[in-house]
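Here is model_12.txt, consisting of compact mmCIF, C-alpha atoms:
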# COMPACT_ATOMS: atom_id res chain seq x y z
CA MET S 1 8.70 11.07 -3.77
CA SER S 2 5.35 12.80 -3.38
CA LEU S 3 2.08 10.90 -3.05
CA ARG S 4 1.25 12.06 -6.55
CA GLY S 5 4.59 10.70 -7.79
CA SER S 6 3.98 7.42 -5.98
CA LEU S 7 0.57 7.11 -7.61
CA LEU S 8 1.94 7.91 -11.05
CA ALA S 9 4.52 5.16 -10.60
CA ALA S 10 1.77 2.81 -9.41
CA VAL S 11 -0.42 3.65 -12.41
CA GLU S 12 2.47 2.79 -14.73
CA ALA S 13 3.10 -0.45 -12.84
CA ALA S 14 -0.59 -1.33 -13.00
CA ARG S 15 -0.70 -0.67 -16.74
CA ALA S 16 2.22 -3.03 -17.25
CA ILE S 17 0.41 -5.90 -15.54
CA PRO S 18 -1.12 -8.18 -18.15
CA ASP S 19 -4.83 -8.64 -17.70
CA ALA S 20 -5.75 -11.78 -15.83
CA PRO S 21 -7.93 -14.02 -17.93
CA GLY S 22 -11.59 -13.21 -17.67
CA ARG S 23 -14.25 -15.68 -16.69
CA PRO S 24 -15.76 -17.69 -19.52
CA GLY S 25 -19.02 -16.07 -20.56
CA GLN S 26 -18.28 -12.82 -18.74
CA GLN S 27 -21.33 -10.59 -19.08
CA PRO S 28 -21.07 -7.19 -20.74
CA ALA S 29 -21.41 -4.26 -18.36
CA THR S 30 -21.88 -0.54 -18.69
CA ARG S 31 -19.23 1.90 -17.56
CA ARG S 32 -21.48 2.84 -14.64
CA GLN S 33 -21.78 -0.82 -13.54
CA ILE S 34 -18.02 -1.28 -13.78
CA GLU S 35 -17.32 1.87 -11.78
CA ARG S 36 -19.87 0.82 -9.14
CA ARG S 37 -18.18 -2.59 -8.81
CA ILE S 38 -14.76 -0.95 -8.45
CA TYR S 39 -16.09 1.51 -5.87
CA GLU S 40 -17.72 -1.25 -3.80
CA TRP S 41 -14.69 -3.53 -3.99
CA SER S 42 -12.16 -0.85 -3.06
CA ARG S 43 -14.36 0.61 -0.29
CA ASP S 44 -15.91 -2.48 1.29
CA GLU S 45 -14.37 -5.72 0.05
CA MET S 46 -10.65 -5.04 -0.34
CA ARG S 47 -8.79 -6.74 2.52
CA PHE S 48 -5.05 -7.18 2.40
CA ARG S 49 -1.92 -7.64 4.43
CA LEU S 50 1.67 -6.92 3.58
CA VAL S 51 4.02 -9.90 3.69
CA LEU S 52 7.74 -9.16 3.96
CA ASP S 53 10.41 -11.84 4.01
CA GLY S 54 13.52 -11.72 6.10
CA GLN S 55 14.63 -10.54 9.47
CA HIS S 56 15.15 -6.95 10.65
CA PRO S 57 18.58 -6.11 12.10
CA SER S 58 16.90 -5.89 15.55
CA GLY S 59 16.27 -9.65 15.40
CA VAL S 60 12.53 -9.76 14.76
CA THR S 61 10.95 -10.62 11.43
CA TYR S 62 9.69 -7.75 9.32
CA GLY S 63 6.13 -9.01 9.84
CA GLN S 64 6.60 -8.86 13.60
CA LEU S 65 8.05 -5.37 13.29
CA LEU S 66 5.01 -4.16 11.33
CA GLU S 67 2.73 -5.64 14.03
CA TYR S 68 4.81 -4.01 16.78
CA LEU S 69 4.63 -0.63 15.06
CA ALA S 70 0.86 -0.98 14.54
CA ASP S 71 0.37 -1.86 18.20
CA GLY S 72 2.30 1.32 19.08
CA GLY S 73 0.06 3.56 16.98
CA ARG S 74 2.15 3.43 13.80
CA ASP S 75 0.15 1.20 11.45
CA PHE S 76 1.88 1.74 8.12
CA THR S 77 -0.36 -0.79 6.35
CA GLN S 78 -3.75 0.56 7.39
CA PRO S 79 -6.31 0.79 4.56
CA THR S 80 -7.06 4.51 4.82
CA THR S 81 -9.62 6.35 2.73
CA GLN S 82 -6.78 7.84 0.70
CA LEU S 83 -5.32 4.41 -0.03
CA ARG S 84 -8.73 3.10 -1.08
CA GLN S 85 -9.28 6.15 -3.31
CA ALA S 86 -5.88 5.69 -4.96
CA VAL S 87 -6.71 2.04 -5.67
CA ALA S 88 -10.14 2.94 -7.07
CA LEU S 89 -8.62 5.62 -9.31
CA VAL S 90 -6.16 3.19 -10.90
CA LEU S 91 -8.81 0.48 -11.24
CA ARG S 92 -11.16 2.89 -13.01
CA GLN S 93 -8.39 3.93 -15.38
CA LYS S 94 -7.65 0.31 -16.23
CA PHE S 95 -11.15 -1.21 -16.40
CA ALA S 96 -13.85 1.44 -16.87
CA ALA S 97 -13.82 1.27 -20.66
CA LYS S 98 -13.39 -2.52 -20.99
CA GLY S 99 -17.10 -3.28 -21.22
CA VAL S 100 -17.09 -6.20 -18.74
CA LEU S 101 -16.96 -6.38 -14.95
CA PRO S 102 -13.42 -7.11 -13.78
CA THR S 103 -12.89 -10.30 -11.81
CA VAL S 104 -11.65 -10.20 -8.22
CA GLU S 105 -8.33 -11.58 -9.46
CA GLN S 106 -8.03 -8.73 -11.97
CA LEU S 107 -8.87 -6.17 -9.28
CA GLU S 108 -6.32 -7.63 -6.87
CA ARG S 109 -3.50 -7.89 -9.44
CA THR S 110 -4.01 -4.27 -10.43
CA ALA S 111 -4.44 -2.97 -6.86
CA ALA S 112 -1.29 -4.56 -5.40
CA PRO S 113 1.29 -2.12 -6.87
CA VAL S 114 -0.88 0.84 -5.89
CA ILE S 115 -1.10 -0.38 -2.30
CA LEU S 116 2.68 -0.88 -2.20
CA ALA S 117 3.30 2.62 -3.59
CA VAL S 118 1.07 4.23 -0.95
CA ILE S 119 2.67 2.20 1.86
CA GLU S 120 6.17 3.17 0.66
CA ARG S 121 5.13 6.83 0.74
CA ARG S 122 4.20 6.46 4.40
CA PHE S 123 7.87 6.05 5.31
CA GLU S 124 8.75 9.52 4.00
CA SER S 125 8.75 12.67 6.07
CA GLY S 126 5.19 13.46 7.15
CA ASN S 127 4.17 9.79 6.94
CA GLY S 128 1.96 10.22 3.88
CA ASP S 129 -1.73 9.72 4.49
CA ILE S 130 -1.56 8.24 8.01
CA ARG S 131 -1.43 9.77 11.46
CA VAL S 132 1.10 8.24 13.80
CA GLU S 133 1.61 8.48 17.52
CA ALA S 134 4.10 11.16 18.49
CA ARG S 135 7.46 10.11 19.83
CA SER S 136 7.93 10.29 23.57
CA PRO S 137 10.12 13.15 24.86
CA GLU S 138 12.68 10.59 26.09
CA TYR S 139 12.90 8.97 22.67
CA VAL S 140 13.27 12.37 20.96
CA LYS S 141 16.22 13.15 23.26
CA GLN S 142 17.77 9.77 22.46
CA LEU S 143 17.42 10.41 18.72
CA GLN S 144 18.97 13.87 19.13
CA ARG S 145 21.96 12.33 20.92
CA GLU S 146 22.30 9.82 18.06
CA GLY S 147 21.96 12.52 15.40
CA ARG S 148 18.73 11.06 13.96
CA ALA S 149 16.11 13.51 15.21
CA GLY S 150 15.09 14.58 11.69
CA GLN S 151 14.07 11.11 10.52
CA PRO S 152 10.38 10.36 9.86
CA VAL S 153 8.48 8.48 12.55
CA GLY S 154 8.84 4.72 11.99
CA VAL S 155 12.20 4.95 10.22
CA ARG S 156 15.00 4.39 12.72
CA THR S 157 17.47 2.34 10.67
CA GLY S 158 15.77 2.47 7.28
CA ALA S 159 15.83 -1.33 7.01
CA LEU S 160 12.03 -1.73 7.00
CA ARG S 161 11.59 0.94 4.35
CA ALA S 162 14.33 -0.65 2.25
CA ARG S 163 12.67 -4.06 2.57
CA ILE S 164 9.30 -2.66 1.47
CA SER S 165 10.94 -0.97 -1.50
CA ARG S 166 12.54 -4.20 -2.78
CA ALA S 167 10.19 -5.88 -5.23
CA LYS S 168 11.21 -9.48 -4.47
CA ALA S 169 10.97 -9.06 -0.71
CA ARG S 170 7.34 -8.01 -0.46
CA GLU S 171 3.88 -9.15 -1.40
CA VAL S 172 0.38 -7.86 -0.91
CA VAL S 173 -1.86 -10.76 0.08
CA PHE S 174 -5.59 -10.30 -0.28
CA GLU S 175 -7.85 -11.95 2.28
Have the structure of the file written as structure tokens, please.
Amino acid sequence: MSLRGSLLAAVEAARAIPDAPGRPGQQPATRRQIERRIYEWSRDEMRFRLVLDGQHPSGVTYGQLLEYLADGGRDFTQPTTQLRQAVALVLRQKFAAKGVLPTVEQLERTAAPVILAVIERRFESGNGDIRVEARSPEYVKQLQREGRAGQPVGVRTGALRARISRAKAREVVFE
């Protein structure tokens, strides 16, 4: 699925999320104020981590595997500019015309499926919007011997990608 396709799916998922209750006495806001709040939150304040349950076939937890990959130059959960822009786009579509500033809870609930969609895209060929460390020549030869040389970087068995794609096995936690 293309990044555009991932974002379209995320937009639909975000639209399906019921609005979190607003704060009592929420102040009216102009569209410009709402867009400014969304821009600031998505650019500066949004902090998250991906939580995956279960154990990878290699024996480590999926959380440990993500940390291992990040330490090796393959951080599939990094909050890139493109990820932040995708989140801001969906937030603007959902909240810009509401007339009140969205709460942090509303921003987080709407951002989570967008973040997941972008992270899933990173496991496709080309690795989406992130740059990853190249494979070592020795590892490329090993993959050729195993018949897996054409797989995207970071996808050896496909188990991590499958775990990220399963709705009940993942969660975006905001910090």
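Put simply, atom CA of Thr81 of chain S is 9.6 Å away from atom CA of Ser42 of chain S.
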Q. Taking into account all atoms listed in the file, which residue in the set S:Ser136, S:Thr77, S:Ser165, S:Gln144 is nearest to Arg49 of chain S?
A. S:Thr77
Considering only C-alpha atoms, tabulate each residue of segment 47-152 of chain S that lies at most 9 Å from segment 159-163 of chain S along with its nearest interatomic pair and the corresponding distance in Å to one decimal; arrange the rows by chain and ascending residue number and present them as a Markdown table.
| residue | atom | partner | partner_atom | distance |
| --- | --- | --- | --- | --- |
| S:Leu52 | CA | S:Arg163 | CA | 7.2 |
| S:Asp53 | CA | S:Arg163 | CA | 8.2 |
| S:Gly54 | CA | S:Arg163 | CA | 8.5 |
| S:His56 | CA | S:Ala159 | CA | 6.7 |
| S:Pro57 | CA | S:Ala159 | CA | 7.5 |
| S:Tyr62 | CA | S:Leu160 | CA | 6.9 |
| S:Leu65 | CA | S:Leu160 | CA | 8.3 |
| S:Leu66 | CA | S:Leu160 | CA | 8.6 |
| S:Glu120 | CA | S:Arg161 | CA | 6.9 |
| S:Phe123 | CA | S:Arg161 | CA | 6.4 |
Q | Expected answer as a list in words: all residues with atoms within 12 Å of (-16.7, 3.5, -3.8), only C-alpha atoms | A |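 Output of the proximity query reads Arg32, Gln33, Ile34, Glu35, Arg36, Arg37, Ile38, Tyr39, Glu40, Trp41, Ser42, Arg43, Asp44, Glu45, Met46, Thr81, Gln82, Arg84, Gln85, Ala86, Val87, Ala88, Leu89, Leu91 and Arg92 of chain S.
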Let me have the centre and edge lengths in Å, one decimal, of the box along x, y and z around every listed atom of segment 160-175 of chain S with 6 Å of margin on each side, as AutoDock Vina command-line options.
--center_x 3.2 --center_y -5.5 --center_z 0.9 --size_x 34.2 --size_y 24.9 --size_z 24.2
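With all atoms listed in the file as the atoms that count, the minimum distance from Ala29 of chain S to the choices S:Ala117, S:Val100, S:Gly150, S:Gly158 is reached by S:Val100.
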(Q) What's the separation between atom CA of Pro113 of chain S and atom CA of Lys98 of chain S, in Å to one decimal place? (A)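 Those two atoms sit 20.4 Å apart.
Comparing the minimum interatomic distances between Leu143 of chain S and each of S:Thr157, S:Ala111, S:Glu171, S:Gln78, counting all atoms listed in the file, we find that S:Thr157 sits nearest.
One finds atom CA of Phe76 of chain S at 14.1 Å from atom CA of Arg170 of chain S.
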Where atoms are absent from segment 81-113 of chain S, fill them in so it carries N, CA and C atoms, then output it as a compact mmCIF listing (two decimals), keeping the file's coordinate frame.
# COMPACT_ATOMS: atom_id res chain seq x y z
N THR S 81 -8.77 5.86 3.82
CA THR S 81 -9.62 6.35 2.73
C THR S 81 -8.77 6.75 1.54
N GLN S 82 -7.65 7.41 1.79
CA GLN S 82 -6.78 7.84 0.70
C GLN S 82 -6.21 6.66 -0.06
N LEU S 83 -5.83 5.60 0.64
CA LEU S 83 -5.32 4.41 -0.03
C LEU S 83 -6.42 3.80 -0.89
N ARG S 84 -7.62 3.68 -0.33
CA ARG S 84 -8.73 3.10 -1.08
C ARG S 84 -9.08 3.95 -2.31
N GLN S 85 -9.00 5.27 -2.17
CA GLN S 85 -9.28 6.15 -3.31
C GLN S 85 -8.22 6.01 -4.40
N ALA S 86 -6.96 5.88 -3.99
CA ALA S 86 -5.88 5.69 -4.96
C ALA S 86 -6.08 4.38 -5.74
N VAL S 87 -6.46 3.33 -5.01
CA VAL S 87 -6.71 2.04 -5.67
C VAL S 87 -7.87 2.17 -6.64
N ALA S 88 -8.95 2.79 -6.20
CA ALA S 88 -10.14 2.94 -7.07
C ALA S 88 -9.81 3.75 -8.32
N LEU S 89 -9.00 4.79 -8.17
CA LEU S 89 -8.62 5.62 -9.31
C LEU S 89 -7.90 4.79 -10.37
N VAL S 90 -6.92 4.01 -9.95
CA VAL S 90 -6.16 3.19 -10.90
C VAL S 90 -7.05 2.11 -11.52
N LEU S 91 -7.90 1.51 -10.71
CA LEU S 91 -8.81 0.48 -11.24
C LEU S 91 -9.75 1.06 -12.29
N ARG S 92 -10.28 2.25 -12.02
CA ARG S 92 -11.16 2.89 -13.01
C ARG S 92 -10.41 3.17 -14.30
N GLN S 93 -9.18 3.64 -14.18
CA GLN S 93 -8.39 3.93 -15.38
C GLN S 93 -8.14 2.67 -16.20
N LYS S 94 -7.97 1.55 -15.52
CA LYS S 94 -7.65 0.31 -16.23
C LYS S 94 -8.88 -0.40 -16.77
N PHE S 95 -10.02 -0.35 -16.05
CA PHE S 95 -11.15 -1.21 -16.40
C PHE S 95 -12.42 -0.51 -16.86
N ALA S 96 -12.57 0.78 -16.62
CA ALA S 96 -13.85 1.44 -16.87
C ALA S 96 -14.33 1.31 -18.32
N ALA S 97 -13.42 1.31 -19.25
CA ALA S 97 -13.82 1.27 -20.66
C ALA S 97 -13.77 -0.13 -21.26
N LYS S 98 -13.54 -1.16 -20.46
CA LYS S 98 -13.39 -2.52 -20.99
C LYS S 98 -14.71 -3.16 -21.41
N GLY S 99 -15.81 -2.73 -20.81
CA GLY S 99 -17.10 -3.28 -21.22
C GLY S 99 -17.53 -4.54 -20.50
N VAL S 100 -16.71 -5.04 -19.55
CA VAL S 100 -17.09 -6.20 -18.74
C VAL S 100 -16.63 -5.94 -17.30
N LEU S 101 -17.35 -6.53 -16.36
CA LEU S 101 -16.96 -6.38 -14.95
C LEU S 101 -15.64 -7.09 -14.71
N PRO S 102 -14.69 -6.43 -14.07
CA PRO S 102 -13.42 -7.11 -13.78
C PRO S 102 -13.63 -8.18 -12.71
N THR S 103 -12.84 -9.24 -12.81
CA THR S 103 -12.89 -10.30 -11.81
C THR S 103 -12.15 -9.83 -10.55
N VAL S 104 -12.36 -10.52 -9.46
CA VAL S 104 -11.65 -10.20 -8.22
C VAL S 104 -10.15 -10.35 -8.45
N GLU S 105 -9.75 -11.38 -9.17
CA GLU S 105 -8.33 -11.58 -9.46
C GLU S 105 -7.76 -10.39 -10.24
N GLN S 106 -8.49 -9.89 -11.21
CA GLN S 106 -8.03 -8.73 -11.97
C GLN S 106 -7.92 -7.49 -11.07
N LEU S 107 -8.91 -7.30 -10.20
CA LEU S 107 -8.87 -6.17 -9.28
C LEU S 107 -7.66 -6.26 -8.35
N GLU S 108 -7.42 -7.44 -7.80
CA GLU S 108 -6.32 -7.63 -6.87
C GLU S 108 -4.96 -7.43 -7.54
N ARG S 109 -4.78 -8.01 -8.72
CA ARG S 109 -3.50 -7.89 -9.44
C ARG S 109 -3.19 -6.43 -9.77
N THR S 110 -4.21 -5.67 -10.08
CA THR S 110 -4.01 -4.27 -10.43
C THR S 110 -3.84 -3.41 -9.18
N ALA S 111 -4.50 -3.75 -8.09
CA ALA S 111 -4.44 -2.97 -6.86
C ALA S 111 -3.12 -3.12 -6.12
N ALA S 112 -2.49 -4.27 -6.20
CA ALA S 112 -1.29 -4.56 -5.40
C ALA S 112 -0.18 -3.51 -5.57
N PRO S 113 0.22 -3.12 -6.78
CA PRO S 113 1.29 -2.12 -6.87
C PRO S 113 0.88 -0.74 -6.35
